[in-house]
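J.: This one is target-v2.cif, mmCIF, C-alpha atoms.
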```
data_data
loop_
_atom_site.group_PDB
_atom_site.id
_atom_site.type_symbol
_atom_site.label_atom_id
_atom_site.label_comp_id
_atom_site.auth_asym_id
_atom_site.auth_seq_id
_atom_site.Cartn_x
_atom_site.Cartn_y
_atom_site.Cartn_z
ATOM 1 C CA MET V 1 103.047 67.496 101.570
ATOM 2 C CA THR V 2 100.626 70.213 100.441
ATOM 3 C CA TRP V 3 101.822 72.667 97.801
ATOM 4 C CA TRP V 4 100.064 76.002 97.263
ATOM 5 C CA CYS V 5 100.120 77.915 93.991
ATOM 6 C CA THR V 6 101.784 81.346 94.202
ATOM 7 C CA GLY V 7 100.644 82.578 90.785
ATOM 8 C CA VAL V 8 102.295 83.372 87.461
ATOM 9 C CA ARG V 9 105.838 84.651 87.212
ATOM 10 C CA TRP V 10 108.133 85.487 84.302
ATOM 11 C CA HIS V 11 111.795 84.913 83.553
ATOM 12 C CA ALA V 12 113.846 87.510 81.695
ATOM 13 C CA GLU V 13 114.309 85.238 78.669
ATOM 14 C CA GLY V 14 110.545 85.324 78.110
ATOM 15 C CA ARG V 15 109.310 82.191 79.818
ATOM 16 C CA PRO V 16 106.164 82.136 82.002
ATOM 17 C CA ALA V 17 105.969 79.803 85.005
ATOM 18 C CA LEU V 18 103.727 78.891 87.920
ATOM 19 C CA GLY V 19 105.182 79.202 91.420
ATOM 20 C CA TRP V 20 104.575 76.740 94.273
ATOM 21 C CA TYR V 21 105.045 76.962 98.032
ATOM 22 C CA ALA V 22 104.970 74.428 100.864
ATOM 23 C CA PRO V 23 105.844 75.253 104.504
ATOM 24 C CA GLY V 24 109.434 74.333 105.299
ATOM 25 C CA ARG V 25 110.344 73.534 101.694
ATOM 26 C CA GLU V 26 112.252 75.440 99.028
ATOM 27 C CA PRO V 27 109.913 77.239 96.588
ATOM 28 C CA ARG V 28 109.321 75.433 93.299
ATOM 29 C CA GLU V 29 108.008 76.356 89.896
ATOM 30 C CA SER V 30 106.652 74.636 86.816
ATOM 31 C CA ALA V 31 107.112 76.146 83.367
ATOM 32 C CA PRO V 32 104.655 74.648 80.858
ATOM 33 C CA GLU V 33 105.446 75.312 77.205
ATOM 34 C CA TYR V 34 102.910 76.529 74.670
ATOM 35 C CA GLY V 35 101.067 73.561 73.241
ATOM 36 C CA THR V 36 100.987 71.609 76.506
ATOM 37 C CA VAL V 37 97.842 71.008 78.546
ATOM 38 C CA LEU V 38 97.116 72.674 81.896
ATOM 39 C CA ALA V 39 94.395 70.827 83.809
ATOM 40 C CA PHE V 40 93.652 71.343 87.498
ATOM 41 C CA ARG V 41 90.973 71.385 90.188
ATOM 42 C CA ALA V 42 90.950 73.910 93.052
ATOM 43 C CA ARG V 43 90.732 72.343 96.507
ATOM 44 C CA GLY V 44 89.791 73.787 99.892
ATOM 45 C CA GLY V 45 89.658 77.544 100.270
ATOM 46 C CA ARG V 46 91.991 80.308 99.188
ATOM 47 C CA ARG V 47 94.355 81.577 101.851
ATOM 48 C CA CYS V 48 97.072 84.197 102.281
ATOM 49 C CA LEU V 49 100.526 82.659 101.909
ATOM 50 C CA GLY V 50 102.421 85.597 103.419
ATOM 51 C CA VAL V 51 105.170 87.825 102.016
ATOM 52 C CA TRP V 52 107.783 86.986 99.360
ATOM 53 C CA ARG V 53 111.085 88.544 100.379
ATOM 54 C CA GLY V 54 114.694 87.654 99.648
ATOM 55 C CA GLY V 55 113.833 84.633 97.513
ATOM 56 C CA ARG V 56 111.643 82.926 100.127
ATOM 57 C CA TRP V 57 108.188 83.085 101.667
ATOM 58 C CA THR V 58 107.563 84.438 105.146
ATOM 59 C CA PRO V 59 104.287 82.664 105.977
ATOM 60 C CA CYS V 60 101.166 84.577 106.940
ATOM 61 C CA PRO V 61 100.926 84.184 110.746
ATOM 62 C CA VAL V 62 97.304 83.026 110.648
ATOM 63 C CA GLY V 63 96.786 81.856 107.051
ATOM 64 C CA THR V 64 93.942 84.332 106.611
ATOM 65 C CA ALA V 65 91.242 83.498 104.063
ATOM 66 C CA VAL V 66 91.384 85.559 100.858
ATOM 67 C CA ALA V 67 88.389 86.400 98.653
ATOM 68 C CA ALA V 68 88.257 84.290 95.478
ATOM 69 C CA ARG V 69 88.042 87.357 93.211
ATOM 70 C CA ALA V 70 90.833 89.353 94.876
ATOM 71 C CA THR V 71 93.650 90.058 92.423
ATOM 72 C CA ARG V 72 96.162 90.199 95.278
ATOM 73 C CA GLY V 73 96.444 86.885 97.098
ATOM 74 C CA GLN V 74 97.291 88.406 100.473
ATOM 75 C CA CYS V 75 95.512 89.475 103.618
ATOM 76 C CA GLU V 76 95.558 93.187 104.456
ATOM 77 C CA GLU V 77 98.382 92.852 106.977
ATOM 78 C CA CYS V 78 100.724 90.950 104.656
ATOM 79 C CA ALA V 79 99.897 93.334 101.794
ATOM 80 C CA ARG V 80 100.791 96.267 104.052
ATOM 81 C CA VAL V 81 104.178 94.702 104.847
ATOM 82 C CA ASP V 82 104.750 94.061 101.137
ATOM 83 C CA ARG V 83 103.964 97.660 100.202
ATOM 84 C CA ALA V 84 106.238 99.009 102.934
ATOM 85 C CA HIS V 85 109.183 97.168 101.368
ATOM 86 C CA SER V 86 108.446 98.028 97.751
ATOM 87 C CA VAL V 87 110.381 100.504 95.612
ATOM 88 C CA ALA V 88 107.176 102.504 95.186
ATOM 89 C CA ALA V 89 107.164 103.233 98.931
ATOM 90 C CA ASP V 90 110.419 105.223 98.599
ATOM 91 C CA THR V 91 111.791 103.611 101.760
ATOM 92 C CA PHE V 92 115.097 102.583 100.125
ATOM 93 C CA ALA V 93 116.518 105.906 98.979
ATOM 94 C CA ASP V 94 120.057 104.627 99.569
ATOM 95 C CA ASP V 95 119.628 101.573 97.320
ATOM 96 C CA PRO V 96 122.988 101.388 95.467
ATOM 97 C CA ARG V 97 121.657 99.317 92.563
ATOM 98 C CA PRO V 98 121.102 101.026 89.177
ATOM 99 C CA TYR V 99 117.599 101.401 87.768
ATOM 100 C CA HIS V 100 116.119 101.667 84.291
ATOM 101 C CA VAL V 101 113.411 104.171 83.376
ATOM 102 C CA TYR V 102 111.153 102.741 80.671
ATOM 103 C CA VAL V 103 108.167 103.576 78.519
ATOM 104 C CA ALA V 104 105.731 100.692 77.997
ATOM 105 C CA TRP V 105 103.117 100.398 75.227
ATOM 106 C CA PHE V 106 99.893 98.416 75.756
ATOM 107 C CA GLY V 107 97.748 99.539 72.850
ATOM 108 C CA PRO V 108 97.006 102.614 70.701
ATOM 109 C CA GLY V 109 97.370 105.664 72.935
ATOM 110 C CA VAL V 110 97.787 103.564 76.084
ATOM 111 C CA VAL V 111 101.268 103.816 77.595
ATOM 112 C CA LYS V 112 102.956 104.244 80.952
ATOM 113 C CA VAL V 113 106.333 105.253 82.315
ATOM 114 C CA GLY V 114 107.995 103.296 85.114
ATOM 115 C CA ILE V 115 111.230 102.094 86.671
ATOM 116 C CA THR V 116 112.798 98.690 87.304
ATOM 117 C CA ARG V 117 116.134 97.423 88.576
ATOM 118 C CA VAL V 118 118.690 97.019 85.780
ATOM 119 C CA GLU V 119 119.518 93.508 87.030
ATOM 120 C CA ARG V 120 115.938 92.389 86.306
ATOM 121 C CA GLY V 121 116.255 93.124 82.596
ATOM 122 C CA GLY V 122 112.865 93.137 80.884
ATOM 123 C CA THR V 123 111.140 90.889 83.440
ATOM 124 C CA ARG V 124 109.062 93.753 84.865
ATOM 125 C CA LEU V 125 107.666 94.530 81.408
ATOM 126 C CA LEU V 126 106.703 90.890 80.872
ATOM 127 C CA GLU V 127 104.972 90.872 84.270
ATOM 128 C CA GLN V 128 102.983 93.968 83.298
ATOM 129 C CA GLY V 129 101.917 92.528 79.969
ATOM 130 C CA ALA V 130 103.530 95.327 77.942
ATOM 131 C CA VAL V 131 103.172 94.574 74.234
ATOM 132 C CA ALA V 132 106.267 96.686 73.487
ATOM 133 C CA TYR V 133 108.692 98.890 75.402
ATOM 134 C CA SER V 134 111.910 100.879 75.231
ATOM 135 C CA TRP V 135 114.375 102.011 77.869
ATOM 136 C CA LEU V 136 114.589 105.765 78.394
ATOM 137 C CA GLY V 137 117.468 106.052 80.861
ATOM 138 C CA ARG V 138 119.585 104.437 83.534
ATOM 139 C CA GLY V 139 120.844 105.689 86.881
ATOM 140 C CA PRO V 140 120.488 105.678 90.692
ATOM 141 C CA LEU V 141 117.098 104.935 92.238
ATOM 142 C CA MET V 142 116.142 108.462 93.281
ATOM 143 C CA ALA V 143 117.264 109.940 89.939
ATOM 144 C CA ALA V 144 115.185 107.310 88.160
ATOM 145 C CA ARG V 145 112.225 108.070 90.422
ATOM 146 C CA ARG V 146 112.461 111.832 89.788
ATOM 147 C CA THR V 147 112.677 111.241 86.034
ATOM 148 C CA GLU V 148 109.661 108.947 86.166
ATOM 149 C CA GLU V 149 107.578 111.639 87.892
ATOM 150 C CA LEU V 150 108.833 114.313 85.481
ATOM 151 C CA LEU V 151 107.838 112.282 82.447
ATOM 152 C CA ARG V 152 104.457 111.313 83.832
ATOM 153 C CA THR V 153 103.563 114.941 84.408
ATOM 154 C CA ALA V 154 105.048 116.361 81.211
ATOM 155 C CA LEU V 155 103.703 113.660 78.902
ATOM 156 C CA GLY V 156 100.384 113.191 80.678
ATOM 157 C CA VAL V 157 100.745 109.425 81.040
ATOM 158 C CA PRO V 158 99.340 107.435 83.993
ATOM 159 C CA ASP V 159 101.337 105.589 86.643
ATOM 160 C CA ARG V 160 99.314 102.443 86.017
ATOM 161 C CA VAL V 161 96.932 100.947 83.453
ATOM 162 C CA PRO V 162 94.026 98.761 84.684
ATOM 163 C CA TYR V 163 94.707 95.180 83.730
ATOM 164 C CA ALA V 164 91.269 94.578 82.226
ATOM 165 C CA ARG V 165 92.024 97.377 79.786
ATOM 166 C CA LYS V 166 95.389 95.882 78.810
ATOM 167 C CA ARG V 167 93.695 92.541 78.182
ATOM 168 C CA ALA V 168 90.987 94.033 75.991
ATOM 169 C CA LEU V 169 93.461 96.105 73.971
ATOM 170 C CA ARG V 170 95.534 93.052 73.101
ATOM 171 C CA ALA V 171 92.623 91.686 71.050
ATOM 172 C CA ARG V 172 93.003 94.376 68.368
ATOM 173 C CA LEU V 173 96.477 95.777 67.848
ATOM 174 C CA PRO V 174 98.165 97.618 64.976
ATOM 175 C CA SER V 175 101.075 95.980 63.162
ATOM 176 C CA PRO V 176 104.487 95.683 64.880
ATOM 177 C CA ALA V 177 105.683 98.564 62.692
ATOM 178 C CA GLY V 178 102.723 100.697 63.767
ATOM 179 C CA ARG V 179 103.273 100.191 67.483
ATOM 180 C CA ALA V 180 107.021 100.744 67.068
ATOM 181 C CA ARG V 181 106.323 104.116 65.429
ATOM 182 C CA GLU V 182 104.069 105.220 68.298
ATOM 183 C CA LEU V 183 106.611 104.088 70.874
ATOM 184 C CA ALA V 184 109.447 105.846 69.006
ATOM 185 C CA GLU V 185 107.517 109.114 68.987
ATOM 186 C CA LEU V 186 106.917 108.926 72.722
ATOM 187 C CA HIS V 187 110.605 108.154 73.318
ATOM 188 C CA ARG V 188 111.518 111.197 71.186
ATOM 189 C CA ARG V 189 109.225 113.486 73.177
ATOM 190 C CA ALA V 190 110.469 112.138 76.507
ATOM 191 C CA SER V 191 114.140 112.466 75.530
ATOM 192 C CA GLY V 192 113.592 116.063 74.422
ATOM 193 C CA LEU V 193 112.263 117.247 77.773
ATOM 194 C CA GLY V 194 114.450 119.348 80.033
ATOM 195 C CA GLY V 195 114.936 118.745 83.727
ATOM 196 C CA TRP V 196 116.390 115.245 83.692
ATOM 197 C CA PRO V 197 118.710 114.626 86.675
ATOM 198 C CA ASP V 198 122.406 114.818 85.726
ATOM 199 C CA SER V 199 123.025 111.386 87.243
ATOM 200 C CA LEU V 200 120.550 109.684 84.891
ATOM 201 C CA GLU V 201 122.079 108.466 81.617
ATOM 202 C CA PRO V 202 119.680 108.847 78.650
ATOM 203 C CA LEU V 203 119.417 105.703 76.518
ATOM 204 C CA PRO V 204 118.683 105.526 72.766
ATOM 205 C CA TYR V 205 115.421 104.219 71.413
ATOM 206 C CA ALA V 206 115.349 100.448 70.986
ATOM 207 C CA CYS V 207 111.929 98.791 70.696
ATOM 208 C CA VAL V 208 111.410 95.391 72.302
ATOM 209 C CA ASP V 209 108.226 93.754 70.993
ATOM 210 C CA HIS V 210 106.637 90.843 72.882
ATOM 211 C CA ALA V 211 104.396 89.500 70.111
ATOM 212 C CA GLU V 212 106.361 86.282 69.704
ATOM 213 C CA VAL V 213 106.819 85.816 73.466
ATOM 214 C CA PHE V 214 103.111 86.302 74.247
ATOM 215 C CA GLY V 215 101.948 83.978 71.457
ATOM 216 C CA ARG V 216 98.182 83.812 71.028
ATOM 217 C CA ALA V 217 97.689 86.060 74.052
ATOM 218 C CA LEU V 218 97.692 88.787 71.372
ATOM 219 C CA GLY V 219 94.291 87.810 70.053
ATOM 220 C CA GLN V 220 90.599 87.551 70.840
ATOM 221 C CA ALA V 221 89.499 85.439 73.803
ATOM 222 C CA THR V 222 85.993 84.172 74.491
ATOM 223 C CA GLY V 223 86.040 84.758 78.252
ATOM 224 C CA VAL V 224 88.031 85.343 81.429
ATOM 225 C CA VAL V 225 88.387 83.166 84.534
ATOM 226 C CA GLY V 226 88.545 85.739 87.309
ATOM 227 C CA GLU V 227 87.952 83.436 90.289
ATOM 228 C CA LEU V 228 88.235 79.818 91.347
ATOM 229 C CA VAL V 229 85.814 77.866 93.523
ATOM 230 C CA ASP V 230 86.340 74.793 95.664
ATOM 231 C CA GLY V 231 86.087 71.810 93.334
ATOM 232 C CA GLY V 232 86.127 74.010 90.228
ATOM 233 C CA VAL V 233 88.046 72.729 87.197
ATOM 234 C CA VAL V 234 90.108 74.475 84.518
ATOM 235 C CA ALA V 235 91.577 72.443 81.645
ATOM 236 C CA GLY V 236 92.902 73.480 78.252
ATOM 237 C CA THR V 237 95.938 73.783 76.006
ATOM 238 C CA LEU V 238 98.261 76.685 76.828
ATOM 239 C CA VAL V 239 98.506 78.798 73.651
ATOM 240 C CA GLY V 240 99.798 82.103 75.023
ATOM 241 C CA ALA V 241 100.576 84.185 78.099
ATOM 242 C CA ALA V 242 100.903 87.899 78.826
ATOM 243 C CA GLY V 243 101.504 89.447 82.224
ATOM 244 C CA PRO V 244 99.578 87.287 84.716
ATOM 245 C CA ASP V 245 97.224 85.950 82.031
ATOM 246 C CA LEU V 246 97.358 82.366 80.809
ATOM 247 C CA HIS V 247 95.453 81.734 77.546
ATOM 248 C CA LEU V 248 93.998 78.235 77.295
ATOM 249 C CA GLU V 249 92.319 76.743 74.255
ATOM 250 C CA VAL V 250 89.379 74.686 75.488
ATOM 251 C CA ARG V 251 87.807 71.959 73.361
ATOM 252 C CA GLU V 252 84.239 72.412 72.198
ATOM 253 C CA GLY V 253 81.945 70.304 74.328
ATOM 254 C CA ALA V 254 84.334 70.401 77.304
ATOM 255 C CA GLY V 255 82.344 72.950 79.287
ATOM 256 C CA ARG V 256 83.289 75.862 77.025
ATOM 257 C CA GLY V 257 84.987 76.236 73.652
ATOM 258 C CA GLY V 258 87.474 78.748 72.306
ATOM 259 C CA VAL V 259 90.328 80.517 74.067
ATOM 260 C CA VAL V 260 89.733 81.289 77.731
ATOM 261 C CA VAL V 261 91.969 83.650 79.730
ATOM 262 C CA VAL V 262 92.904 82.521 83.238
ATOM 263 C CA ASP V 263 93.842 85.533 85.353
ATOM 264 C CA GLY V 264 96.901 84.133 87.123
ATOM 265 C CA ARG V 265 96.541 86.608 89.985
ATOM 266 C CA VAL V 266 93.583 84.626 91.361
ATOM 267 C CA LEU V 267 95.520 81.334 91.414
ATOM 268 C CA SER V 268 97.709 82.411 94.331
ATOM 269 C CA GLY V 269 96.677 80.818 97.611
ATOM 270 C CA TRP V 270 94.882 77.785 96.165
ATOM 271 C CA ARG V 271 95.793 74.112 96.312
ATOM 272 C CA LEU V 272 95.584 72.785 92.747
ATOM 273 C CA GLU V 273 95.386 69.097 91.858
ATOM 274 C CA ALA V 274 95.720 67.477 88.458
ATOM 275 C CA VAL V 275 92.629 66.364 86.508
ATOM 276 C CA ALA V 276 91.934 64.804 83.105
ATOM 277 C CA GLU V 277 93.091 66.860 80.117
ATOM 278 C CA ASP V 278 89.560 67.005 78.678
ATOM 279 C CA ALA V 279 87.867 68.123 81.923
ATOM 280 C CA GLY V 280 86.942 71.540 80.488
ATOM 281 C CA VAL V 281 86.083 74.617 82.551
ATOM 282 C CA THR V 282 83.568 74.515 85.406
ATOM 283 C CA VAL V 283 84.512 77.742 87.226
ATOM 284 C CA PRO V 284 82.791 81.098 86.535
ATOM 285 C CA VAL V 285 83.784 82.687 83.194
ATOM 286 C CA ARG V 286 82.966 86.305 82.395
ATOM 287 C CA GLY V 287 83.057 88.122 79.072
ATOM 288 C CA VAL V 288 85.942 90.221 77.756
ATOM 289 C CA PRO V 289 85.006 93.939 77.513
ATOM 290 C CA ALA V 290 85.104 95.417 74.024
ATOM 291 C CA VAL V 291 87.405 98.332 73.235
ATOM 292 C CA GLN V 292 86.452 101.244 71.032
ATOM 293 C CA GLY V 293 89.102 103.765 70.079
ATOM 294 C CA GLY V 294 91.345 102.652 72.927
ATOM 295 C CA LEU V 295 88.616 103.299 75.511
ATOM 296 C CA PHE V 296 85.903 101.131 77.047
#
```
What would you get if you wrote out this structure as structure tokens?
T.:
Amino acid sequence: MTWWCTGVRWHAEGRPALGWYAPGREPRESAPEYGTVLAFRARGGRRCLGVWRGGRWTPCPVGTAVAARATRGQCEECARVDRAHSVAADTFADDPRPYHVYVAWFGPGVVKVGITRVERGGTRLLEQGAVAYSWLGRGPLMAARRTEELLRTALGVPDRVPYARKRALRARLPSPAGRARELAELHRRASGLGGWPDSLEPLPYACVDHAEVFGRALGQATGVVGELVDGGVVAGTLVGAAGPDLHLEVREGAGRGGVVVVDGRVLSGWRLEAVAEDAGVTVPVRGVPAVQGGLF
């Protein structure tokens, strides 16, 4: 039985995991703890696994090949189906489930506003690699969506932050107290704006900081694995994780030393087999961009 990696996922209690898929079998996951070794070799080529919907995979009809560097492990057709069923597509206006509006902090001056289902708790913020966040409000989907757009426009914050920028910012952060102050000020400004829908309940400021959950992901890395190759090896001790990133400490003399970031988005669609713990890193590794004043 061949199992394919489906990438990194997070649980609400703050636990990262790797997902696995095999045709005709129930999806599985493995959840390595910090301090354990991850060591694998990529086999074959990377392929589209299909669409994840309702707790199961609908396989890609043709198993289309996917580029090794693509951060979305899907072919164009499966990605189109995925987008059509996402909250962002506004195709589920009658969704009865309540939604949170949140403000997420990634680094000095770098924040975003978004929405997530209340039932998911803080999982969405873990998936995005938010260093800290606070809820702003709670209510029906369309009220949450209107509030999100209002706050983006009024506060001048983006709808997304490039992941390379989030990664670079995590290498040099202010103290927990400093980021809490910046987040509190943004929450104050957002809460003071007029025009919120009546059906959206404002929520008080309460900072959730992910420093302990992310571990040594909040620190300098020596390089980033942004693609796998057939036969390529990655081996190291898991010392932290943030969003899709897995931070592995690699022994000196094992291909590369220091802490290497594995972008978990490029793992999806590969068959991974176990190798020796000291196998090192033989896939391409690129540098981590420096950040100056919150900008590249």
J.: What's the separation between CA of Ser199 in chain V and CA of Leu183 in chain V, in Å to one decimal place?
T.: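 Between CA of Ser199 in chain V and CA of Leu183 in chain V the gap is 24.3 Å.
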J.: Could you spell out the hits of the PyMOL selection byres ((chain V and resi 61) around 12) on the shown file, as an MDAnalysis selection string?
T.: chainID V and resid 23 47:51 57:60 62:65 74:75 77:78
J.: Tell me, in Å to one decimal, how far CA of His11 in chain V is from CA of Thr36 in chain V.
T.: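 That distance, rounded to one decimal, is 18.5 Å.
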J.: Which residues match the PyMOL selection byres ((chain V and resi 225-232) around 10) in the file above, as number ranges by chain?
T.: V: 40-46, 67-71, 223-224, 233-234, 245-246, 260-267, 270-273, 281-287
J.: So that I have them on file, write out the residues from the current selection with C-alpha atoms, as an mmCIF file, keeping the file's coordinate frame.
T.:
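Once everything was written out, this is again35.cif:
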```cif
data_model
loop_
_atom_site.group_PDB
_atom_site.id
_atom_site.type_symbol
_atom_site.label_atom_id
_atom_site.label_comp_id
_atom_site.auth_asym_id
_atom_site.auth_seq_id
_atom_site.Cartn_x
_atom_site.Cartn_y
_atom_site.Cartn_z
ATOM 1 C CA PHE V 40 93.652 71.343 87.498
ATOM 2 C CA ARG V 41 90.973 71.385 90.188
ATOM 3 C CA ALA V 42 90.950 73.910 93.052
ATOM 4 C CA ARG V 43 90.732 72.343 96.507
ATOM 5 C CA GLY V 44 89.791 73.787 99.892
ATOM 6 C CA GLY V 45 89.658 77.544 100.270
ATOM 7 C CA ARG V 46 91.991 80.308 99.188
ATOM 8 C CA ALA V 67 88.389 86.400 98.653
ATOM 9 C CA ALA V 68 88.257 84.290 95.478
ATOM 10 C CA ARG V 69 88.042 87.357 93.211
ATOM 11 C CA ALA V 70 90.833 89.353 94.876
ATOM 12 C CA THR V 71 93.650 90.058 92.423
ATOM 13 C CA GLY V 223 86.040 84.758 78.252
ATOM 14 C CA VAL V 224 88.031 85.343 81.429
ATOM 15 C CA VAL V 233 88.046 72.729 87.197
ATOM 16 C CA VAL V 234 90.108 74.475 84.518
ATOM 17 C CA ASP V 245 97.224 85.950 82.031
ATOM 18 C CA LEU V 246 97.358 82.366 80.809
ATOM 19 C CA VAL V 260 89.733 81.289 77.731
ATOM 20 C CA VAL V 261 91.969 83.650 79.730
ATOM 21 C CA VAL V 262 92.904 82.521 83.238
ATOM 22 C CA ASP V 263 93.842 85.533 85.353
ATOM 23 C CA GLY V 264 96.901 84.133 87.123
ATOM 24 C CA ARG V 265 96.541 86.608 89.985
ATOM 25 C CA VAL V 266 93.583 84.626 91.361
ATOM 26 C CA LEU V 267 95.520 81.334 91.414
ATOM 27 C CA TRP V 270 94.882 77.785 96.165
ATOM 28 C CA ARG V 271 95.793 74.112 96.312
ATOM 29 C CA LEU V 272 95.584 72.785 92.747
ATOM 30 C CA GLU V 273 95.386 69.097 91.858
ATOM 31 C CA VAL V 281 86.083 74.617 82.551
ATOM 32 C CA THR V 282 83.568 74.515 85.406
ATOM 33 C CA VAL V 283 84.512 77.742 87.226
ATOM 34 C CA PRO V 284 82.791 81.098 86.535
ATOM 35 C CA VAL V 285 83.784 82.687 83.194
ATOM 36 C CA ARG V 286 82.966 86.305 82.395
ATOM 37 C CA GLY V 287 83.057 88.122 79.072
#
```
J.: For the structure shown, which residues end up in the PyMOL selection byres ((chain V and resi 25) around 12)? Put them as a PyMOL selection string, please?
T.: chain V and resi 1-4+20-24+26-28+56-59
J.: Please write the residues from the selection above to a file, keeping C-alpha atoms, as a PDB file, in the coordinates of the input.
T.:
```pdb
ATOM      1  CA  MET V   1     103.047  67.496 101.570  1.00  0.00           C
ATOM      2  CA  THR V   2     100.626  70.213 100.441  1.00  0.00           C
ATOM      3  CA  TRP V   3     101.822  72.667  97.801  1.00  0.00           C
ATOM      4  CA  TRP V   4     100.064  76.002  97.263  1.00  0.00           C
ATOM      5  CA  TRP V  20     104.575  76.740  94.273  1.00  0.00           C
ATOM      6  CA  TYR V  21     105.045  76.962  98.032  1.00  0.00           C
ATOM      7  CA  ALA V  22     104.970  74.428 100.864  1.00  0.00           C
ATOM      8  CA  PRO V  23     105.844  75.253 104.504  1.00  0.00           C
ATOM      9  CA  GLY V  24     109.434  74.333 105.299  1.00  0.00           C
ATOM     10  CA  GLU V  26     112.252  75.440  99.028  1.00  0.00           C
ATOM     11  CA  PRO V  27     109.913  77.239  96.588  1.00  0.00           C
ATOM     12  CA  ARG V  28     109.321  75.433  93.299  1.00  0.00           C
ATOM     13  CA  ARG V  56     111.643  82.926 100.127  1.00  0.00           C
ATOM     14  CA  TRP V  57     108.188  83.085 101.667  1.00  0.00           C
ATOM     15  CA  THR V  58     107.563  84.438 105.146  1.00  0.00           C
ATOM     16  CA  PRO V  59     104.287  82.664 105.977  1.00  0.00           C
TER      17      PRO V  59
END
```
J.: Write out as number ranges by chain each polymer residue whose atoms come within 9 Å of range 122-136 of chain V, counting all atoms listed in the file; drop sequence neighbours fewer than 2 positions from it.
T.: V: 8-14, 16, 100-107, 111, 115-118, 120, 138, 163, 166-167, 170, 176, 179-180, 183-184, 187, 190-191, 201-211, 213-214, 218, 241-245
J.: Rounded to one decimal place, report the CA of Leu248 in chain V-CA of Val37 in chain V distance in Å.
T.: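 Here the two named atoms are 8.3 Å from each other.
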J.: Rank nothing, just name the residue among V:Leu173, V:Leu38, V:Val66, V:Trp196 nearest to Thr147 in chain V, using all atoms listed in the file.
T.: V:Trp196
J.: Once you add 6 Å to each side, what are the centre and edge lengths of the axis-aligned box holding all listed atoms of range 265-275 of chain V? One decimal in Å, as AutoDock Vina command-line options, if you can.
T.:
```
--center_x 95.2 --center_y 76.5 --center_z 92.1 --size_x 17.1 --size_y 32.2 --size_z 23.1
```
J.: Write out as number ranges by chain which residues come within 9 Å of Pro140 in chain V when counting only C-alpha atoms, dropping same-chain ones fewer than 6 positions away.
T.: V: 94-100, 199-200
J.: Take the point (100.8, 76.6, 76.9) in the file's coordinates, draw a sphere of radius 6 Å around it, and report as a list in words every protein, DNA or RNA residue with an atom inside or on it, counting all atoms listed in the file.
T.: Pro32, Glu33, Tyr34, Gly35, Thr36, Thr237, Leu238, Val239 and Gly240 of chain V
J.: Looking at all atoms listed in the file, which of V:Ala217, V:Pro108, V:Glu76, V:Ala164 is the one that sits closest to Glu182 in chain V?
T.: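 Ranking V:Ala217, V:Pro108, V:Glu76, V:Ala164 by distance to Glu182 in chain V, first place goes to V:Pro108.
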J.: Let me make sure I understand: among V:Leu193, V:Ala221, V:Leu186, V:Ala39, which one has the smallest atom-to-atom distance to Asp278 in chain V if we use all atoms listed in the file?
T.: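 Ranked by minimum distance to Asp278 in chain V, first place goes to V:Ala39.
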J.: So which one's closest to Ala171 in chain V, V:Arg152, V:Arg72, V:Arg216, V:Arg146? Using all atoms listed in the file, please.
T.: V:Arg216
J.: Pull N, CA and C atoms for range 99-109 of chain V from the block and write them as a PDB file, in the first residue's frame.
T.:
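As written to disk, out-v9.pdb reads:
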```
ATOM      1  N   TYR V  99     -19.139  32.602  12.880  1.00  0.00           N
ATOM      2  CA  TYR V  99     -17.763  32.870  12.484  1.00  0.00           C
ATOM      3  C   TYR V  99     -17.127  33.893  13.416  1.00  0.00           C
ATOM      4  N   HIS V 100     -15.820  33.740  13.608  1.00  0.00           N
ATOM      5  CA  HIS V 100     -15.019  34.740  14.308  1.00  0.00           C
ATOM      6  C   HIS V 100     -14.382  35.685  13.288  1.00  0.00           C
ATOM      7  N   VAL V 101     -14.265  36.946  13.646  1.00  0.00           N
ATOM      8  CA  VAL V 101     -13.404  37.897  12.946  1.00  0.00           C
ATOM      9  C   VAL V 101     -12.174  38.076  13.836  1.00  0.00           C
ATOM     10  N   TYR V 102     -10.990  38.026  13.251  1.00  0.00           N
ATOM     11  CA  TYR V 102      -9.772  38.102  14.053  1.00  0.00           C
ATOM     12  C   TYR V 102      -8.797  39.108  13.473  1.00  0.00           C
ATOM     13  N   VAL V 103      -7.848  39.527  14.303  1.00  0.00           N
ATOM     14  CA  VAL V 103      -6.699  40.285  13.841  1.00  0.00           C
ATOM     15  C   VAL V 103      -5.472  39.461  14.212  1.00  0.00           C
ATOM     16  N   ALA V 104      -4.612  39.211  13.224  1.00  0.00           N
ATOM     17  CA  ALA V 104      -3.425  38.381  13.418  1.00  0.00           C
ATOM     18  C   ALA V 104      -2.168  39.227  13.267  1.00  0.00           C
ATOM     19  N   TRP V 105      -1.179  38.957  14.117  1.00  0.00           N
ATOM     20  CA  TRP V 105       0.083  39.707  14.138  1.00  0.00           C
ATOM     21  C   TRP V 105       1.222  38.773  13.742  1.00  0.00           C
ATOM     22  N   PHE V 106       2.022  39.202  12.752  1.00  0.00           N
ATOM     23  CA  PHE V 106       3.125  38.375  12.246  1.00  0.00           C
ATOM     24  C   PHE V 106       4.498  38.973  12.521  1.00  0.00           C
ATOM     25  N   GLY V 107       4.537  40.250  12.807  1.00  0.00           N
ATOM     26  CA  GLY V 107       5.789  40.934  13.060  1.00  0.00           C
ATOM     27  C   GLY V 107       5.494  42.418  13.167  1.00  0.00           C
ATOM     28  N   PRO V 108       6.472  43.243  13.541  1.00  0.00           N
ATOM     29  CA  PRO V 108       6.234  44.679  13.698  1.00  0.00           C
ATOM     30  C   PRO V 108       5.597  45.310  12.461  1.00  0.00           C
ATOM     31  N   GLY V 109       4.394  45.835  12.625  1.00  0.00           N
ATOM     32  CA  GLY V 109       3.701  46.500  11.534  1.00  0.00           C
ATOM     33  C   GLY V 109       3.100  45.581  10.500  1.00  0.00           C
TER      34      GLY V 109
END
```
